[in-house]
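The file entry06.tsv comes next; it holds TSV, N, CA and C atoms.
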chain	number	residue	atom	x	y	z
A	10	MET	N	13.25	-2.75	18.00
A	10	MET	CA	12.49	-3.23	19.14
A	10	MET	C	11.18	-3.82	18.64
A	11	ALA	N	10.80	-4.94	19.17
A	11	ALA	CA	9.58	-5.62	18.75
A	11	ALA	C	8.34	-4.88	19.23
A	12	LYS	N	7.29	-4.95	18.42
A	12	LYS	CA	6.02	-4.33	18.79
A	12	LYS	C	5.20	-5.29	19.63
A	13	LYS	N	4.31	-4.74	20.42
A	13	LYS	CA	3.40	-5.57	21.19
A	13	LYS	C	2.38	-6.18	20.24
A	14	PRO	N	1.93	-7.40	20.51
A	14	PRO	CA	0.91	-8.01	19.65
A	14	PRO	C	-0.36	-7.16	19.63
A	15	GLY	N	-0.95	-7.07	18.43
A	15	GLY	CA	-2.20	-6.35	18.29
A	15	GLY	C	-2.05	-4.85	18.09
A	16	THR	N	-0.81	-4.34	17.92
A	16	THR	CA	-0.63	-2.91	17.76
A	16	THR	C	-0.69	-2.47	16.30
A	17	ASN	N	-0.64	-3.41	15.35
A	17	ASN	CA	-0.75	-3.05	13.94
A	17	ASN	C	-2.21	-2.83	13.59
A	18	PRO	N	-2.52	-1.73	12.91
A	18	PRO	CA	-3.92	-1.50	12.52
A	18	PRO	C	-4.38	-2.55	11.51
A	19	LYS	N	-5.63	-2.97	11.64
A	19	LYS	CA	-6.20	-3.95	10.72
A	19	LYS	C	-6.41	-3.30	9.36
A	20	GLY	N	-6.27	-4.08	8.31
A	20	GLY	CA	-6.50	-3.58	6.97
A	20	GLY	C	-5.33	-2.80	6.39
A	21	GLU	N	-4.17	-2.86	7.02
A	21	GLU	CA	-3.00	-2.14	6.53
A	21	GLU	C	-2.46	-2.78	5.25
A	22	PHE	N	-2.59	-4.10	5.14
A	22	PHE	CA	-2.11	-4.83	3.98
A	22	PHE	C	-3.21	-5.73	3.44
A	23	ALA	N	-3.16	-5.98	2.13
A	23	ALA	CA	-3.99	-7.00	1.50
A	23	ALA	C	-3.03	-8.13	1.12
A	24	PHE	N	-3.51	-9.35	1.16
A	24	PHE	CA	-2.66	-10.51	0.88
A	24	PHE	C	-3.08	-11.15	-0.43
A	25	PHE	N	-2.07	-11.58	-1.21
A	25	PHE	CA	-2.31	-12.16	-2.53
A	25	PHE	C	-1.53	-13.45	-2.68
A	26	ASN	N	-2.12	-14.42	-3.37
A	26	ASN	CA	-1.42	-15.63	-3.79
A	26	ASN	C	-0.97	-15.39	-5.22
A	27	VAL	N	0.29	-15.70	-5.50
A	27	VAL	CA	0.88	-15.46	-6.82
A	27	VAL	C	1.29	-16.79	-7.42
A	28	VAL	N	0.84	-17.04	-8.67
A	28	VAL	CA	1.23	-18.24	-9.41
A	28	VAL	C	2.13	-17.77	-10.56
A	29	TYR	N	3.27	-18.42	-10.71
A	29	TYR	CA	4.24	-18.05	-11.73
A	29	TYR	C	4.12	-18.96	-12.95
A	30	GLU	N	4.71	-18.52	-14.07
A	30	GLU	CA	4.64	-19.27	-15.33
A	30	GLU	C	5.23	-20.67	-15.21
A	31	ASP	N	6.21	-20.87	-14.33
A	31	ASP	CA	6.82	-22.19	-14.18
A	31	ASP	C	5.99	-23.12	-13.28
A	32	GLY	N	4.83	-22.64	-12.79
A	32	GLY	CA	3.95	-23.46	-11.97
A	32	GLY	C	4.15	-23.30	-10.48
A	33	SER	N	5.20	-22.57	-10.06
A	33	SER	CA	5.42	-22.37	-8.63
A	33	SER	C	4.43	-21.34	-8.10
A	34	GLN	N	4.23	-21.36	-6.78
A	34	GLN	CA	3.27	-20.45	-6.15
A	34	GLN	C	3.88	-19.86	-4.89
A	35	ARG	N	3.57	-18.59	-4.62
A	35	ARG	CA	3.92	-17.93	-3.38
A	35	ARG	C	2.63	-17.47	-2.75
A	36	SER	N	2.45	-17.77	-1.50
A	36	SER	CA	1.21	-17.44	-0.81
A	36	SER	C	1.39	-16.24	0.11
A	37	ASN	N	0.28	-15.52	0.31
A	37	ASN	CA	0.21	-14.42	1.27
A	37	ASN	C	1.25	-13.33	1.05
A	38	ARG	N	1.41	-12.91	-0.21
A	38	ARG	CA	2.28	-11.78	-0.51
A	38	ARG	C	1.57	-10.51	-0.06
A	39	ARG	N	2.24	-9.67	0.72
A	39	ARG	CA	1.63	-8.46	1.28
A	39	ARG	C	1.74	-7.29	0.31
A	40	VAL	N	0.63	-6.58	0.16
A	40	VAL	CA	0.57	-5.37	-0.67
A	40	VAL	C	-0.12	-4.30	0.18
A	41	PRO	N	0.45	-3.09	0.26
A	41	PRO	CA	-0.19	-2.03	1.05
A	41	PRO	C	-1.61	-1.76	0.55
A	42	ALA	N	-2.55	-1.69	1.47
A	42	ALA	CA	-3.97	-1.52	1.13
A	42	ALA	C	-4.23	-0.19	0.44
A	43	GLU	N	-3.42	0.83	0.70
A	43	GLU	CA	-3.69	2.14	0.08
A	43	GLU	C	-3.46	2.13	-1.43
A	44	LEU	N	-2.74	1.12	-1.95
A	44	LEU	CA	-2.53	1.02	-3.40
A	44	LEU	C	-3.76	0.46	-4.12
A	45	LEU	N	-4.63	-0.20	-3.39
A	45	LEU	CA	-5.74	-0.95	-4.00
A	45	LEU	C	-7.04	-0.17	-3.94
A	46	GLY	N	-8.01	-0.68	-4.70
A	46	GLY	CA	-9.34	-0.06	-4.71
A	46	GLY	C	-9.48	0.92	-5.84
A	47	GLY	N	-10.51	1.72	-5.81
A	47	GLY	CA	-10.74	2.69	-6.88
A	47	GLY	C	-11.12	1.99	-8.17
A	48	LEU	N	-10.90	2.65	-9.27
A	48	LEU	CA	-11.29	2.10	-10.57
A	48	LEU	C	-10.41	0.94	-11.00
A	49	ASP	N	-9.16	0.90	-10.55
A	49	ASP	CA	-8.25	-0.16	-10.96
A	49	ASP	C	-8.42	-1.44	-10.15
A	50	GLY	N	-9.13	-1.40	-9.04
A	50	GLY	CA	-9.33	-2.59	-8.21
A	50	GLY	C	-8.01	-3.12	-7.68
A	51	ASP	N	-7.74	-4.41	-7.93
A	51	ASP	CA	-6.53	-5.05	-7.44
A	51	ASP	C	-5.38	-5.01	-8.44
A	52	GLU	N	-5.57	-4.40	-9.60
A	52	GLU	CA	-4.53	-4.38	-10.63
A	52	GLU	C	-3.22	-3.74	-10.16
A	53	PRO	N	-3.22	-2.68	-9.33
A	53	PRO	CA	-1.94	-2.13	-8.85
A	53	PRO	C	-1.11	-3.13	-8.05
A	54	ALA	N	-1.73	-4.17	-7.51
A	54	ALA	CA	-1.00	-5.19	-6.76
A	54	ALA	C	0.00	-5.91	-7.66
A	55	ARG	N	-0.37	-6.13	-8.92
A	55	ARG	CA	0.52	-6.82	-9.86
A	55	ARG	C	1.83	-6.04	-10.01
A	56	GLY	N	1.75	-4.74	-10.22
A	56	GLY	CA	2.95	-3.92	-10.37
A	56	GLY	C	3.80	-3.93	-9.11
A	57	PHE	N	3.15	-3.85	-7.95
A	57	PHE	CA	3.87	-3.86	-6.68
A	57	PHE	C	4.60	-5.19	-6.49
A	58	ILE	N	3.93	-6.30	-6.79
A	58	ILE	CA	4.55	-7.62	-6.62
A	58	ILE	C	5.66	-7.84	-7.64
A	59	ILE	N	5.47	-7.37	-8.87
A	59	ILE	CA	6.54	-7.47	-9.88
A	59	ILE	C	7.78	-6.73	-9.41
A	60	GLU	N	7.60	-5.56	-8.83
A	60	GLU	CA	8.74	-4.79	-8.32
A	60	GLU	C	9.42	-5.52	-7.16
A	61	GLN	N	8.63	-6.10	-6.26
A	61	GLN	CA	9.19	-6.90	-5.15
A	61	GLN	C	10.01	-8.06	-5.71
A	62	ASP	N	9.44	-8.78	-6.68
A	62	ASP	CA	10.13	-9.93	-7.28
A	62	ASP	C	11.44	-9.51	-7.94
A	63	ARG	N	11.42	-8.36	-8.62
A	63	ARG	CA	12.63	-7.87	-9.28
A	63	ARG	C	13.74	-7.61	-8.26
A	64	GLU	N	13.38	-6.97	-7.15
A	64	GLU	CA	14.37	-6.69	-6.11
A	64	GLU	C	14.90	-7.97	-5.47
A	65	ILE	N	14.01	-8.92	-5.21
A	65	ILE	CA	14.43	-10.19	-4.60
A	65	ILE	C	15.35	-10.95	-5.55
A	66	ALA	N	14.98	-11.02	-6.83
A	66	ALA	CA	15.79	-11.73	-7.82
A	66	ALA	C	17.16	-11.08	-7.99
A	67	GLU	N	17.18	-9.75	-7.96
A	67	GLU	CA	18.45	-9.03	-8.09
A	67	GLU	C	19.39	-9.38	-6.94
A	68	LYS	N	18.86	-9.42	-5.73
A	68	LYS	CA	19.68	-9.76	-4.56
A	68	LYS	C	20.15	-11.21	-4.62
A	69	ALA	N	19.31	-12.09	-5.19
A	69	ALA	CA	19.65	-13.51	-5.28
A	69	ALA	C	20.53	-13.82	-6.49
A	70	GLY	N	20.66	-12.85	-7.40
A	70	GLY	CA	21.50	-13.06	-8.57
A	70	GLY	C	20.87	-13.96	-9.61
A	71	ARG	N	19.57	-13.91	-9.74
A	71	ARG	CA	18.86	-14.72	-10.75
A	71	ARG	C	17.79	-13.86	-11.41
A	72	PRO	N	17.29	-14.30	-12.57
A	72	PRO	CA	16.24	-13.51	-13.23
A	72	PRO	C	14.90	-13.67	-12.52
A	73	PRO	N	14.06	-12.61	-12.53
A	73	PRO	CA	12.73	-12.72	-11.89
A	73	PRO	C	11.82	-13.65	-12.69
A	74	LEU	N	10.92	-14.31	-11.99
A	74	LEU	CA	9.96	-15.20	-12.64
A	74	LEU	C	8.80	-14.40	-13.22
A	75	ALA	N	8.25	-14.88	-14.33
A	75	ALA	CA	7.08	-14.23	-14.94
A	75	ALA	C	5.83	-14.66	-14.19
A	76	ILE	N	4.96	-13.70	-13.89
A	76	ILE	CA	3.74	-13.97	-13.15
A	76	ILE	C	2.64	-14.43	-14.11
A	77	LYS	N	1.99	-15.53	-13.75
A	77	LYS	CA	0.88	-16.05	-14.55
A	77	LYS	C	-0.46	-15.53	-14.02
A	78	ASN	N	-0.63	-15.54	-12.68
A	78	ASN	CA	-1.91	-15.19	-12.08
A	78	ASN	C	-1.70	-14.64	-10.68
A	79	ILE	N	-2.52	-13.65	-10.32
A	79	ILE	CA	-2.53	-13.11	-8.97
A	79	ILE	C	-3.97	-13.11	-8.50
A	80	GLU	N	-4.20	-13.63	-7.29
A	80	GLU	CA	-5.56	-13.55	-6.73
A	80	GLU	C	-5.49	-13.21	-5.26
A	81	ARG	N	-6.44	-12.39	-4.83
A	81	ARG	CA	-6.49	-11.95	-3.44
A	81	ARG	C	-6.85	-13.14	-2.55
A	82	VAL	N	-6.18	-13.24	-1.42
A	82	VAL	CA	-6.48	-14.29	-0.46
A	82	VAL	C	-7.87	-14.06	0.09
A	83	GLY	N	-8.69	-15.09	0.08
A	83	GLY	CA	-10.05	-15.00	0.61
A	83	GLY	C	-11.08	-14.48	-0.39
A	84	ALA	N	-10.65	-14.11	-1.61
A	84	ALA	CA	-11.59	-13.60	-2.61
A	84	ALA	C	-12.40	-14.77	-3.17
A	85	LYS	N	-13.66	-14.51	-3.47
A	85	LYS	CA	-14.51	-15.54	-4.05
A	85	LYS	C	-14.18	-15.72	-5.52
A	86	LYS	N	-14.21	-16.97	-5.99
A	86	LYS	CA	-13.94	-17.27	-7.39
A	86	LYS	C	-15.13	-16.83	-8.24
A	87	LYS	N	-14.82	-16.29	-9.40
A	87	LYS	CA	-15.88	-15.83	-10.32
A	87	LYS	C	-16.26	-16.93	-11.27
Spit out the file's structure as structure tokens when you get a sec.
Amino acid sequence: MAKKPGTNPKGEFAFFNVVYEDGSQRSNRRVPAELLGGLDGDEPARGFIIEQDREIAEKAGRPPLAIKNIERVGAKKK
């Protein structure tokens, strides 16, 4: 059953843009917010996205792409 609009709590997910070694990009990949923060910052997002990619590639019957760069959506460039 569909949820009513606005019933999801804000801040439940953080969004990341992922650039792969072959130059392709996926935007707004969702990562649970509880994995992030602390001393590791956004680094746990890489492991979560790698695992997602592995599962997707397995279902599609192809090898997963190697990740070149991950950056949080809306983060300021250093």
Rank nothing, just name the residue among A:Phe24, A:Ala75, A:Glu67, A:Glu60 nearest to Val40 of chain A, using all atoms listed in the file.
A:Phe24
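We find atom C of Leu74 of chain A and atom CA of Arg35 of chain A to be spaced 11.5 Å apart.
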Please identify the strand (DSSP E) residues within segment 28-86 of chain A (assignment by DSSP from backbone atoms) and present them as a PyMOL selection string.
chain A and resi 28-29+34-41+76-81
Please run DSSP on the backbone and report, as an mmCIF file with N, CA and C atoms, keeping the file's coordinate frame, all residues within segment 15-65 of chain A that come out as alpha helix (DSSP H).
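Output contents, as saved in selection-v3.cif:
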data_model
loop_
_atom_site.group_PDB
_atom_site.id
_atom_site.type_symbol
_atom_site.label_atom_id
_atom_site.label_comp_id
_atom_site.auth_asym_id
_atom_site.auth_seq_id
_atom_site.Cartn_x
_atom_site.Cartn_y
_atom_site.Cartn_z
ATOM 1 N N GLU A 52 -5.570 -4.400 -9.600
ATOM 2 C CA GLU A 52 -4.530 -4.380 -10.630
ATOM 3 C C GLU A 52 -3.220 -3.740 -10.160
ATOM 4 N N PRO A 53 -3.220 -2.680 -9.330
ATOM 5 C CA PRO A 53 -1.940 -2.130 -8.850
ATOM 6 C C PRO A 53 -1.110 -3.130 -8.050
ATOM 7 N N ALA A 54 -1.730 -4.170 -7.510
ATOM 8 C CA ALA A 54 -1.000 -5.190 -6.760
ATOM 9 C C ALA A 54 0.000 -5.910 -7.660
ATOM 10 N N ARG A 55 -0.370 -6.130 -8.920
ATOM 11 C CA ARG A 55 0.520 -6.820 -9.860
ATOM 12 C C ARG A 55 1.830 -6.040 -10.010
ATOM 13 N N GLY A 56 1.750 -4.740 -10.220
ATOM 14 C CA GLY A 56 2.950 -3.920 -10.370
ATOM 15 C C GLY A 56 3.800 -3.930 -9.110
ATOM 16 N N PHE A 57 3.150 -3.850 -7.950
ATOM 17 C CA PHE A 57 3.870 -3.860 -6.680
ATOM 18 C C PHE A 57 4.600 -5.190 -6.490
ATOM 19 N N ILE A 58 3.930 -6.300 -6.790
ATOM 20 C CA ILE A 58 4.550 -7.620 -6.620
ATOM 21 C C ILE A 58 5.660 -7.840 -7.640
ATOM 22 N N ILE A 59 5.470 -7.370 -8.870
ATOM 23 C CA ILE A 59 6.540 -7.470 -9.880
ATOM 24 C C ILE A 59 7.780 -6.730 -9.410
ATOM 25 N N GLU A 60 7.600 -5.560 -8.830
ATOM 26 C CA GLU A 60 8.740 -4.790 -8.320
ATOM 27 C C GLU A 60 9.420 -5.520 -7.160
ATOM 28 N N GLN A 61 8.630 -6.100 -6.260
ATOM 29 C CA GLN A 61 9.190 -6.900 -5.150
ATOM 30 C C GLN A 61 10.010 -8.060 -5.710
ATOM 31 N N ASP A 62 9.440 -8.780 -6.680
ATOM 32 C CA ASP A 62 10.130 -9.930 -7.280
ATOM 33 C C ASP A 62 11.440 -9.510 -7.940
ATOM 34 N N ARG A 63 11.420 -8.360 -8.620
ATOM 35 C CA ARG A 63 12.630 -7.870 -9.280
ATOM 36 C C ARG A 63 13.740 -7.610 -8.260
ATOM 37 N N GLU A 64 13.380 -6.970 -7.150
ATOM 38 C CA GLU A 64 14.370 -6.690 -6.110
ATOM 39 C C GLU A 64 14.900 -7.970 -5.470
ATOM 40 N N ILE A 65 14.010 -8.920 -5.210
ATOM 41 C CA ILE A 65 14.430 -10.190 -4.600
ATOM 42 C C ILE A 65 15.350 -10.950 -5.550
#
Please give the centre and size of the box around segment 67-82 of chain A (axis-aligned, containing every atom listed in the file, 8 Å added per side), with values in Å to one decimal and written as AutoDock Vina command-line options.
--center_x 6.8 --center_y -12.5 --center_z -7.4 --size_x 45.4 --size_y 23.0 --size_z 31.0
Just the number, please: distance in Å from atom N of Gly46 of chain A to atom N of Lys68 of chain A, one decimal.
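Computing the Euclidean distance for atom N of Gly46 of chain A and atom N of Lys68 of chain A yields 28.3 Å.
Remark: for Val82 of chain A, the closest of the candidate residues A:Gly56, A:Val27, A:Ala42, A:Asp49 is A:Val27 (distances computed over only C-alpha atoms).
One finds atom CA of Gly20 of chain A at 24.9 Å from atom CA of Ile76 of chain A.
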Go through A:Ile58, A:Arg39, A:Gly50, A:Ala69 and flag the residue nearest Phe25 of chain A, using all atoms listed in the file for the distances.
A:Arg39
